[in-house]
Amino acid sequence: AAATKMAALGGGGTRWRRAWLPALQLLRRGSKAVTRHWKAMHFQRQKLLALTEFVPPRAAVPPRCLPRPAAHTHQEDGLALVLRRRLEETLRGSRMVAVCQYNSMADEDMATLRHYLRKHHIRVEFVLSEVARPVLAQSKYRNLLPLFVCRNVLLVSPETRAREMLRVLKAVPQVNLLGACIDDTILSRQGVENLARLPPLEVSQGQTVAALSLPSSQTSSLLQRGPAHLVALLDEHIRRLREAAGPTEPPPG
Amino acid sequence: PSGPGGVAVPRAGLKKLALPPDYSGITFPEKPKLKFLDKVPAVPKVRREPRRLRDIRGPSQVATDFTQGQYGILALGGGYLHWGHLEMIRLTIGRSMDPKSMFAVWRVPAPSKAVTRKSLGHRMGGGKGPVERYVTPVKSGRLVVEVGGRCEFGEVRPFLTRVAQKLPFPAVAVSRESLAEMRREEEEKRLGNQNPWTFERVVASNMLGMRKYLSPYDLRLKGRYWGKFFLKHRV
């Protein structure tokens with residue numbers, strides 16, 4: 001059968017003279033090209049596949065020897081920007097900034113606290129450290145940064161009403177005052193308490209004025225002591241004379 | 001961040017809100033669910049056709065890219081899908097998807113190729129067997145079904161992978177992005193191959209008389225296909 005096939009193809013001549021088509025010969029035994037099972041490959045083909053495998057590119061310097069690439073700076077969140085701007089505005093327009101530690105309390109208690117503080121023009125601001133830290137670091141309150149640990153609340157106010165604030169906060173055990181910056185002065189908790197115990201501004205102003213004017217008033221009284229003494233003596237004398245002349249003189253008709 | 005004494009201080013970060021996905025350019029077909037495909041074509045074939053296994057071999061030229069949907073099942077090998085497979089696909093996808101927000105589309109035609117089979121226990125000879133069933137040939141790299149709509153890949157992937165595992169050839173659930181990523185990686189691999197000897201080069205120039213041991217189809221298939229199998233690891 002092989003011989004007839006070869007004769008049909010090439011006509012005469014041995015196999016070595018003509019091109020020998022492997023396709024026909026090999027198909028006499030073995031399965032088709034497409035099989036359900038994994039067809040066994042010719043060894044030469046296996047060798048060729050092993051030779052032509054993928055070789056991944058290798059960098060001349062291994063990447064772990066190179067410096068770490070700069071961490072991808074995350075995009076600025078719009079919300080973070082808004083919060084930061086709000087915080088900056090608040091800090092700019094306030095004279096008193098008190099930093100408190102906040103422990104969780106009931107909503108209605110929180111609302112009551114806010115109400116009482118609002119009466120004294122004190123605003124309660126919840127701050128996120130992620131937003132607050134960069135803002136404070138660049139503003140004049142950078143020394144308050146160590147106080148921003150865990151959950152913090154800022155009590156800001158355009159007036160400095162330390163006494164009322166302390167009174168309200170004393171009633172609330174969940175909010176603890178850590179420190180404050182009042183009129184560009186950083187105060188600790190004791191400092192705030194001392195500030196609260198001080199008399200109000202007008203009284204202290206009056207006291208200062210009095211203290212300042214004390215030596216001059218003393219000098220003036222000193223100078224007037226001689227004539228005042230004389231005037232008092234003369235008055236006393238006139239009174240005695242009048243008393244003496246009084247009982248003897250008849251009252252004028 | 002650490003507080004005083006080296007104690008770790010817990011810090012709550014700002015919530016990063018992501019924009020919801022944009023489903024503006026999606027048009028739904030009239031019937032969201034998969035159409036019923038017949039077991040036997042309307043005009044059954046009288047003349048039994050030869051086996052023609054070349055419709056399984058090699059990469060697919062049709063239905064390789066997405067048309068309507070965003071997610072689909074990609075065949076990574078060749079094979080025949082018969083009515084049982086198609087029904088399984090249709091019912092599983094129909095059961096797992098939400099017709100109000102998703103739709104599914106066939107990318108494979110109804111079975112049209114007649115496959116014969118001789119009865120068991122008989123010797124060779126006696127002519128070609130009668131037609132047993134009808135199948136659709138599927139080549140590797142072809143999409144079988146496409147799913148789309150107002151849904152994310154994460155919602156669709158579970159049931160698509162389940163369907164893909166039950167198919168007679170290896171298959172994987174893909175999305176438009178993941179398919180593009182696959183193609184890009186393949187291309188990168190091809191370009192970044194440091195091996196100076198590639199199958200394509202050896203076969204094209206018949207180095208060492210390799211074509212004696214290879215098929216003429218290997219010129220086209222370039223060592224990535226062997227029978228109906230797709231060799232993913234080959235470059």
# chains A, B, ... in the order shown; residues from 1 in each chain; ligands from 1
>>> residues_around(residues="range 183-192 of chain B", least_positions_apart="2", cutoff="10 Å", atoms="only C-alpha atoms", output="PyMOL selection string")
(chain A and resi 54-58) or (chain B and resi 177-181+194-195+198+232-235)
>>> interface_residues(of="chain B", to="chain A", cutoff="9 Å", atoms="only C-alpha atoms", output="number ranges by chain")
B: 3, 9-17, 53-54, 56-57, 79, 189-190, 192-199, 202, 210, 212-215, 223, 226-229, 233-235
>>> select_by_dssp(residues="range 78-174 of chain B", states="helix (DSSP H, G or I)", output="PyMOL selection string")
chain B and resi 83-96+153-166
>>> residues_around(residues="range 155-163 of chain A", least_positions_apart="2", cutoff="6 Å", atoms="only C-alpha atoms", output="list in words")
Ser94, Arg95, Met96, Val97, Ala98, Ile122, Arg123, Val124, Met165, Leu166 and Ala196 of chain A
>>> atom_distance(atom1="CA of Gln174 in chain A", atom2="CA of Cys100 in chain A")
9.7 Å
>>> select_by_dssp(residues="range 10-246 of chain A", states="strand (DSSP E)", output="VMD selection string")
chain A and resid 96 to 102 123 to 127 152 to 157 175 to 182 185 to 188
>>> write_last_selection(atoms="N, CA, C and O atoms", output="short mmCIF file (atom, residue, chain, number, x, y, z; two decimals), in the first residue's frame")
data_model
loop_
_atom_site.label_atom_id
_atom_site.label_comp_id
_atom_site.auth_asym_id
_atom_site.auth_seq_id
_atom_site.Cartn_x
_atom_site.Cartn_y
_atom_site.Cartn_z
N MET A 96 -10.73 82.74 72.06
CA MET A 96 -10.50 81.64 73.00
C MET A 96 -10.66 80.33 72.26
O MET A 96 -11.67 80.10 71.59
N VAL A 97 -9.66 79.47 72.36
CA VAL A 97 -9.73 78.14 71.77
C VAL A 97 -9.37 77.16 72.87
O VAL A 97 -8.24 77.16 73.35
N ALA A 98 -10.34 76.35 73.28
CA ALA A 98 -10.08 75.37 74.35
C ALA A 98 -10.13 73.98 73.75
O ALA A 98 -11.05 73.65 73.01
N VAL A 99 -9.13 73.16 74.09
CA VAL A 99 -9.06 71.79 73.57
C VAL A 99 -9.55 70.86 74.66
O VAL A 99 -9.02 70.89 75.78
N CYS A 100 -10.54 70.04 74.35
CA CYS A 100 -11.07 69.11 75.33
C CYS A 100 -11.01 67.70 74.79
O CYS A 100 -11.03 67.48 73.58
N GLN A 101 -10.96 66.76 75.72
CA GLN A 101 -11.06 65.37 75.34
C GLN A 101 -12.52 64.98 75.39
O GLN A 101 -13.23 65.36 76.32
N TYR A 102 -12.96 64.24 74.39
CA TYR A 102 -14.38 63.89 74.30
C TYR A 102 -14.55 62.39 74.46
O TYR A 102 -13.96 61.61 73.73
N ARG A 123 -18.79 78.02 70.82
CA ARG A 123 -19.21 77.02 69.83
C ARG A 123 -18.43 75.74 70.05
O ARG A 123 -17.22 75.79 70.34
N VAL A 124 -19.12 74.61 69.90
CA VAL A 124 -18.47 73.31 70.06
C VAL A 124 -18.15 72.77 68.67
O VAL A 124 -19.01 72.68 67.82
N GLU A 125 -16.87 72.44 68.44
CA GLU A 125 -16.47 71.94 67.11
C GLU A 125 -15.80 70.58 67.28
O GLU A 125 -14.81 70.47 68.00
N PHE A 126 -16.31 69.60 66.57
CA PHE A 126 -15.62 68.31 66.54
C PHE A 126 -14.54 68.37 65.47
O PHE A 126 -14.82 68.78 64.36
N VAL A 127 -13.34 67.98 65.84
CA VAL A 127 -12.25 68.05 64.86
C VAL A 127 -11.70 66.66 64.57
O VAL A 127 -11.53 65.84 65.46
N ASN A 152 -11.13 64.60 69.96
CA ASN A 152 -11.01 65.95 70.53
C ASN A 152 -12.16 66.83 70.13
O ASN A 152 -12.76 66.65 69.08
N VAL A 153 -12.43 67.78 71.00
CA VAL A 153 -13.48 68.76 70.76
C VAL A 153 -12.86 70.14 70.99
O VAL A 153 -12.10 70.33 71.93
N LEU A 154 -13.15 71.06 70.10
CA LEU A 154 -12.65 72.43 70.27
C LEU A 154 -13.80 73.31 70.69
O LEU A 154 -14.87 73.29 70.09
N LEU A 155 -13.57 74.09 71.77
CA LEU A 155 -14.58 75.07 72.17
C LEU A 155 -14.02 76.43 71.77
O LEU A 155 -13.03 76.89 72.33
N VAL A 156 -14.63 77.03 70.78
CA VAL A 156 -14.12 78.31 70.28
C VAL A 156 -15.12 79.40 70.61
O VAL A 156 -16.33 79.17 70.61
N SER A 157 -14.56 80.58 70.87
CA SER A 157 -15.45 81.69 71.20
C SER A 157 -14.75 83.00 70.89
O SER A 157 -13.54 83.11 71.07
N VAL A 175 -16.54 65.32 79.05
CA VAL A 175 -15.69 66.25 78.30
C VAL A 175 -14.68 66.84 79.27
O VAL A 175 -15.07 67.52 80.22
N ASN A 176 -13.41 66.55 79.05
CA ASN A 176 -12.36 67.04 79.96
C ASN A 176 -11.52 68.08 79.26
O ASN A 176 -11.01 67.86 78.17
N LEU A 177 -11.30 69.20 79.96
CA LEU A 177 -10.49 70.27 79.39
C LEU A 177 -9.03 69.88 79.48
O LEU A 177 -8.54 69.49 80.54
N LEU A 178 -8.33 69.97 78.36
CA LEU A 178 -6.91 69.62 78.35
C LEU A 178 -6.05 70.87 78.37
O LEU A 178 -5.03 70.93 79.03
N GLY A 179 -6.46 71.87 77.62
CA GLY A 179 -5.65 73.09 77.55
C GLY A 179 -6.40 74.11 76.73
O GLY A 179 -7.39 73.79 76.10
N ALA A 180 -5.92 75.33 76.76
CA ALA A 180 -6.59 76.37 76.01
C ALA A 180 -5.58 77.41 75.55
O ALA A 180 -4.48 77.51 76.08
N CYS A 181 -5.99 78.14 74.55
CA CYS A 181 -5.19 79.27 74.09
C CYS A 181 -6.10 80.48 74.11
O CYS A 181 -6.97 80.63 73.23
N ILE A 182 -5.95 81.33 75.10
CA ILE A 182 -6.86 82.47 75.27
C ILE A 182 -6.06 83.74 75.06
O ILE A 182 -5.08 83.97 75.76
N THR A 185 -2.43 83.34 74.53
CA THR A 185 -1.67 82.83 75.69
C THR A 185 -2.06 81.39 75.87
O THR A 185 -3.24 81.10 76.05
N ILE A 186 -1.04 80.52 75.91
CA ILE A 186 -1.38 79.10 76.08
C ILE A 186 -1.49 78.83 77.56
O ILE A 186 -0.60 79.16 78.35
N LEU A 187 -2.62 78.24 77.94
CA LEU A 187 -2.87 77.97 79.36
C LEU A 187 -3.18 76.51 79.54
O LEU A 187 -3.81 75.89 78.69
N SER A 188 -2.73 75.98 80.68
CA SER A 188 -3.11 74.60 81.00
C SER A 188 -4.43 74.65 81.74
O SER A 188 -5.04 75.71 81.91
#
>>> residues_around(residues="range 102-110 of chain B", least_positions_apart="2", cutoff="8 Å", atoms="only C-alpha atoms", output="count of residues only")
32
>>> residues_around(residues="range 116-124 of chain B", least_positions_apart="4", cutoff="10 Å", atoms="only C-alpha atoms", output="MDAnalysis selection string")
chainID B and resid 48:51 128:134
